[in-house]
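Have a look at the structure below, then the notes.
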Number of protein chains: 2
Amino acid sequence: MGKCEQCIIRQFNSLKSLTKEELIRISGCKTTQTIKKGEVIFDEGDKLNGVYCVKDGICKLSKLSENGKDQIVKLVVKGDLLGQRSLVSDERANLQATALNDMEVCFIPKEEIIKDLKNNPTFTLDVLQHMAQDLKEADNIIVNMAQKSVRQRMAEVLVNIHNSFGTNPDGTLSVLLSREDFASLVGTATESAIRVLSQFKKEGLISTVGKHIKIENLGELNRVE
Amino acid sequence: MGKCEQCIIRQFNSLKSLTKEELIRISGCKTTQTIKKGEVIFDEGDKLNGVYCVKDGICKLSKLSENGKDQIVKLVVKGDLLGQRSLVSDERANLQATALNDMEVCFIPKEEIIKDLKNNPTFTLDVLQHMAQDLKEADNIIVNMAQKSVRQRMAEVLVNIHNSFGTNPDGTLSVLLSREDFASLVGTATESAIRVLSQFKKEGLISTVGKHIKIENLGELNRVE
DNA sequence: TTTAAAATATGATATTTGTCATGTTTTAAT
DNA sequence: ATTAAAACATGACAAATATCATATTTTAAA
């Protein structure tokens, strides 16, 4: 089993603020898991007894609305921590986490990581800063949902995925999503999402290679009204 | 000038996790301000050099969308801290804070409160827990914005204001908002907000006493489809 | 007190988006 | 390779919501 203190993934998240001693302790109690595409990592209402460090793959954080539709709130990728909020607040999970492709994660038990939250203010402050960033992004999503059209929101989703998660060598978005997932991100009906993407394709803003989407005109996509 | 260590307001926010010594130090450097209704406390893009502890009154946190409409993201009331996110992330403000009635606040300079964030893990963890709560609420708003009708969102806004901020002796909501502010909270056009409120009144779900709104049927309001 | 401005209200209409139906293509299992 | 299921696509229509126009009422200023 890998050792946390030698793992480069931690450089991308708050675990980088742990001391070498703390990392060695965490390393001794963590477990590594592989999660298959489509598998639910945790569900709304679950009691999480730890936090996940994503070593590879990508998952969605979503919530089921009363109308039966899933709304994706955030995408969590390699290098991110998963489940911090439940850890810190000691509440049941508010969101569901579902793997969008095969994942490799390390699970760190709650009682161990809590020790560090209580004793290492640098670590706690780092977690706090990440959560502040998440909150800012969530606030911005609220404004977009309330004030922008489906077309604008879809353009923004494409640009964000491009900028945050990058592209494959052939230029297609590295994150591969179904039309239904796009709809869940944008907050619209699946048919509407399909229509908007088709329209973008007609207008030459994007192209598709199989299921993969390639952004052809980032500037125009940013300017979509 | 009042002393923080004797101020009961701090029981409602993270400042309660400061030690007596820390409180005395904060007390010595804080300033008390009164803010008039309608006044902007800080604007999007402002560099905040401290955090506000709200002793009295209420304000809205909002963001101007590209279509020129304001979206309210959160209401901040007596007992809350204002501006923590900018403090922690060391970024410019993402939101505008505007007083909805006359307010009294204490301003604590950044460099002083940062000392405590770096040295008192109990305090940092408390701030973290509050931010985790804010993030959960923001996630829930995203889901509502994306998946619920204007009518449902308005019902929810009324119920939330009732439950979170309470009522006056005559039963009216203690938070007095204009129809435009209701629209900004719900994320809809002012006319639509007015129409929905008129409809609720017709259906006997609410009544109005001047500009004040009284919830007449909380149960039905919760069940609005 | 009078008066202008702002807030509230409501109708008519346009636009956006969702829903339902149906067909096509892709994927995965046998 | 065949076939069933899932994903993708598109048209037709319905429902929700925004926009524009125009009153009415309330508020605040002179």
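FYI, nothing fancy with the structure tokens labels: chains A, B, ... in order, residues from 1 per chain, ligands from 1 as they appear.
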Could you go through stretch 53-122 of chain A and tell me which residues DSSP, when run on the backbone, assigns to strand (DSSP E or B), listing them as an mmCIF file with N, CA and C atoms, in the first residue's frame?
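Printed below is selection-v1.cif as written:
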```cif
data_model
loop_
_atom_site.group_PDB
_atom_site.id
_atom_site.type_symbol
_atom_site.label_atom_id
_atom_site.label_comp_id
_atom_site.auth_asym_id
_atom_site.auth_seq_id
_atom_site.Cartn_x
_atom_site.Cartn_y
_atom_site.Cartn_z
ATOM 1 N N CYS A 53 -9.736 10.878 -0.389
ATOM 2 C CA CYS A 53 -8.784 11.622 -1.206
ATOM 3 C C CYS A 53 -8.785 10.961 -2.581
ATOM 4 N N VAL A 54 -9.161 11.728 -3.595
ATOM 5 C CA VAL A 54 -9.313 11.156 -4.939
ATOM 6 C C VAL A 54 -7.956 11.058 -5.628
ATOM 7 N N LYS A 55 -7.495 9.822 -5.843
ATOM 8 C CA LYS A 55 -6.199 9.615 -6.497
ATOM 9 C C LYS A 55 -6.337 9.584 -8.013
ATOM 10 N N ASP A 56 -7.498 9.085 -8.468
ATOM 11 C CA ASP A 56 -7.730 9.064 -9.911
ATOM 12 C C ASP A 56 -9.219 8.958 -10.210
ATOM 13 N N ILE A 58 -13.064 10.655 -11.613
ATOM 14 C CA ILE A 58 -13.893 11.837 -11.400
ATOM 15 C C ILE A 58 -15.271 11.406 -10.922
ATOM 16 N N CYS A 59 -15.878 12.199 -10.061
ATOM 17 C CA CYS A 59 -17.233 11.888 -9.619
ATOM 18 C C CYS A 59 -18.077 13.149 -9.538
ATOM 19 N N LYS A 60 -19.391 12.944 -9.498
ATOM 20 C CA LYS A 60 -20.305 14.085 -9.391
ATOM 21 C C LYS A 60 -20.905 14.114 -8.001
ATOM 22 N N LEU A 61 -21.112 15.327 -7.482
ATOM 23 C CA LEU A 61 -21.857 15.523 -6.242
ATOM 24 C C LEU A 61 -23.222 16.052 -6.646
ATOM 25 N N SER A 62 -24.267 15.309 -6.328
ATOM 26 C CA SER A 62 -25.598 15.711 -6.784
ATOM 27 C C SER A 62 -26.636 15.540 -5.690
ATOM 28 N N LYS A 63 -27.793 16.147 -5.949
ATOM 29 C CA LYS A 63 -28.884 16.030 -4.986
ATOM 30 C C LYS A 63 -30.178 15.790 -5.755
ATOM 31 N N LEU A 64 -30.966 14.867 -5.231
ATOM 32 C CA LEU A 64 -32.229 14.528 -5.871
ATOM 33 C C LEU A 64 -33.277 15.559 -5.460
ATOM 34 N N ASP A 70 -32.097 14.792 -10.755
ATOM 35 C CA ASP A 70 -30.835 14.980 -10.067
ATOM 36 C C ASP A 70 -30.233 16.314 -10.467
ATOM 37 N N GLN A 71 -29.749 17.060 -9.503
ATOM 38 C CA GLN A 71 -29.023 18.289 -9.814
ATOM 39 C C GLN A 71 -27.569 18.117 -9.396
ATOM 40 N N ILE A 72 -26.661 18.258 -10.352
ATOM 41 C CA ILE A 72 -25.242 18.173 -10.022
ATOM 42 C C ILE A 72 -24.784 19.511 -9.462
ATOM 43 N N VAL A 73 -24.113 19.475 -8.326
ATOM 44 C CA VAL A 73 -23.691 20.682 -7.628
ATOM 45 C C VAL A 73 -22.210 20.951 -7.854
ATOM 46 N N LYS A 74 -21.457 19.867 -8.058
ATOM 47 C CA LYS A 74 -20.004 20.021 -8.210
ATOM 48 C C LYS A 74 -19.395 18.750 -8.787
ATOM 49 N N LEU A 75 -18.339 18.911 -9.554
ATOM 50 C CA LEU A 75 -17.566 17.757 -10.016
ATOM 51 C C LEU A 75 -16.301 17.666 -9.170
ATOM 52 N N VAL A 76 -15.987 16.481 -8.722
ATOM 53 C CA VAL A 76 -14.806 16.273 -7.880
ATOM 54 C C VAL A 76 -13.816 15.414 -8.652
ATOM 55 N N VAL A 77 -12.597 15.901 -8.773
ATOM 56 C CA VAL A 77 -11.621 15.209 -9.614
ATOM 57 C C VAL A 77 -10.357 14.834 -8.840
ATOM 58 N N LEU A 81 -10.409 16.509 -2.265
ATOM 59 C CA LEU A 81 -10.949 15.739 -1.140
ATOM 60 C C LEU A 81 -12.463 15.649 -1.312
ATOM 61 N N LEU A 82 -13.012 14.569 -0.833
ATOM 62 C CA LEU A 82 -14.443 14.303 -0.996
ATOM 63 C C LEU A 82 -15.035 13.991 0.370
ATOM 64 N N GLN A 96 -25.239 13.288 -2.872
ATOM 65 C CA GLN A 96 -24.830 11.958 -3.287
ATOM 66 C C GLN A 96 -23.550 12.086 -4.112
ATOM 67 N N ALA A 97 -22.617 11.156 -3.917
ATOM 68 C CA ALA A 97 -21.398 11.141 -4.740
ATOM 69 C C ALA A 97 -21.416 9.900 -5.616
ATOM 70 N N THR A 98 -21.325 10.102 -6.930
ATOM 71 C CA THR A 98 -21.381 8.996 -7.881
ATOM 72 C C THR A 98 -20.190 9.061 -8.827
ATOM 73 N N ALA A 99 -19.512 7.942 -9.008
ATOM 74 C CA ALA A 99 -18.348 7.905 -9.898
ATOM 75 C C ALA A 99 -18.780 8.073 -11.348
ATOM 76 N N MET A 103 -12.622 4.944 -10.521
ATOM 77 C CA MET A 103 -11.869 5.813 -9.620
ATOM 78 C C MET A 103 -10.966 5.020 -8.687
ATOM 79 N N GLU A 104 -9.949 5.722 -8.232
ATOM 80 C CA GLU A 104 -9.120 5.176 -7.170
ATOM 81 C C GLU A 104 -9.090 6.227 -6.063
ATOM 82 N N VAL A 105 -9.470 5.831 -4.877
ATOM 83 C CA VAL A 105 -9.533 6.793 -3.766
ATOM 84 C C VAL A 105 -8.880 6.206 -2.525
ATOM 85 N N CYS A 106 -8.419 7.107 -1.643
ATOM 86 C CA CYS A 106 -7.976 6.673 -0.328
ATOM 87 C C CYS A 106 -8.993 7.150 0.692
ATOM 88 N N PHE A 107 -9.370 6.257 1.580
ATOM 89 C CA PHE A 107 -10.345 6.600 2.605
ATOM 90 C C PHE A 107 -9.629 6.797 3.930
ATOM 91 N N ILE A 108 -9.832 7.960 4.545
ATOM 92 C CA ILE A 108 -9.204 8.258 5.828
ATOM 93 C C ILE A 108 -10.289 8.337 6.897
ATOM 94 N N PRO A 109 -10.181 7.497 7.933
ATOM 95 C CA PRO A 109 -11.232 7.468 8.957
ATOM 96 C C PRO A 109 -11.359 8.816 9.673
#
```
How close does each residue of chain A get to chain C, giving the shortest atom pair and distance in Å to one decimal for every residue with an atom at most 9 Å away, counting only C-alpha atoms (C1' of nucleotides), sorted by chain and residue number, as a Markdown table?
```
| residue | atom | partner | partner_atom | distance |
| --- | --- | --- | --- | --- |
| A:Ser149 | CA | C:DT16 | C1' | 8.2 |
| A:Val150 | CA | C:DT17 | C1' | 8.4 |
| A:Thr188 | CA | C:DT17 | C1' | 8.2 |
| A:Ala189 | CA | C:DG18 | C1' | 6.8 |
| A:Glu191 | CA | C:DG18 | C1' | 8.8 |
| A:Ser192 | CA | C:DT17 | C1' | 7.6 |
```
With N, CA and C atoms retained, could you export that selection as a PDB file, in the first residue's frame?
```pdb
ATOM      1  N   SER A 149     -29.913  32.185 -19.038  1.00  0.00           N
ATOM      2  CA  SER A 149     -30.686  31.228 -19.827  1.00  0.00           C
ATOM      3  C   SER A 149     -29.973  29.877 -19.865  1.00  0.00           C
ATOM      4  N   VAL A 150     -30.709  28.866 -20.274  1.00  0.00           N
ATOM      5  CA  VAL A 150     -30.151  27.526 -20.419  1.00  0.00           C
ATOM      6  C   VAL A 150     -28.950  27.563 -21.359  1.00  0.00           C
ATOM      7  N   THR A 188     -31.522  21.680 -16.340  1.00  0.00           N
ATOM      8  CA  THR A 188     -32.548  21.763 -17.378  1.00  0.00           C
ATOM      9  C   THR A 188     -32.969  20.341 -17.745  1.00  0.00           C
ATOM     10  N   ALA A 189     -33.952  20.234 -18.655  1.00  0.00           N
ATOM     11  CA  ALA A 189     -34.388  18.913 -19.103  1.00  0.00           C
ATOM     12  C   ALA A 189     -33.347  18.328 -20.055  1.00  0.00           C
ATOM     13  N   GLU A 191     -33.709  16.830 -22.844  1.00  0.00           N
ATOM     14  CA  GLU A 191     -33.983  17.229 -24.238  1.00  0.00           C
ATOM     15  C   GLU A 191     -33.477  18.636 -24.521  1.00  0.00           C
ATOM     16  N   SER A 192     -33.657  19.523 -23.554  1.00  0.00           N
ATOM     17  CA  SER A 192     -33.187  20.907 -23.740  1.00  0.00           C
ATOM     18  C   SER A 192     -31.667  20.948 -23.849  1.00  0.00           C
TER      19      SER A 192
END
```
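Interface residues on chain D toward chain B (cut-off 12 Å, only C-alpha atoms (C1' of nucleotides)): DA15, DA16, DT17, DA18, DT19, DC20, DT25, DT26 and DT27 of chain D.
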(message) Set the distance at 12 Å and use only C-alpha atoms (C1' of nucleotides): which residues neighbour A:Asp170 once local chain neighbours fewer than 6 positions away are removed? I'd like the list as a ChimeraX atom specification.
(response) /A:207-209,212-216
(message) Going by DSSP on the backbone, which residues of chain A come out as helix (DSSP H, G or I)? List them as a PyMOL selection string.
(response) chain A and resi 4-6+8-12+14-17+20-29+84-89+110-119+121-147+150-165+179-186+190-202+218-222
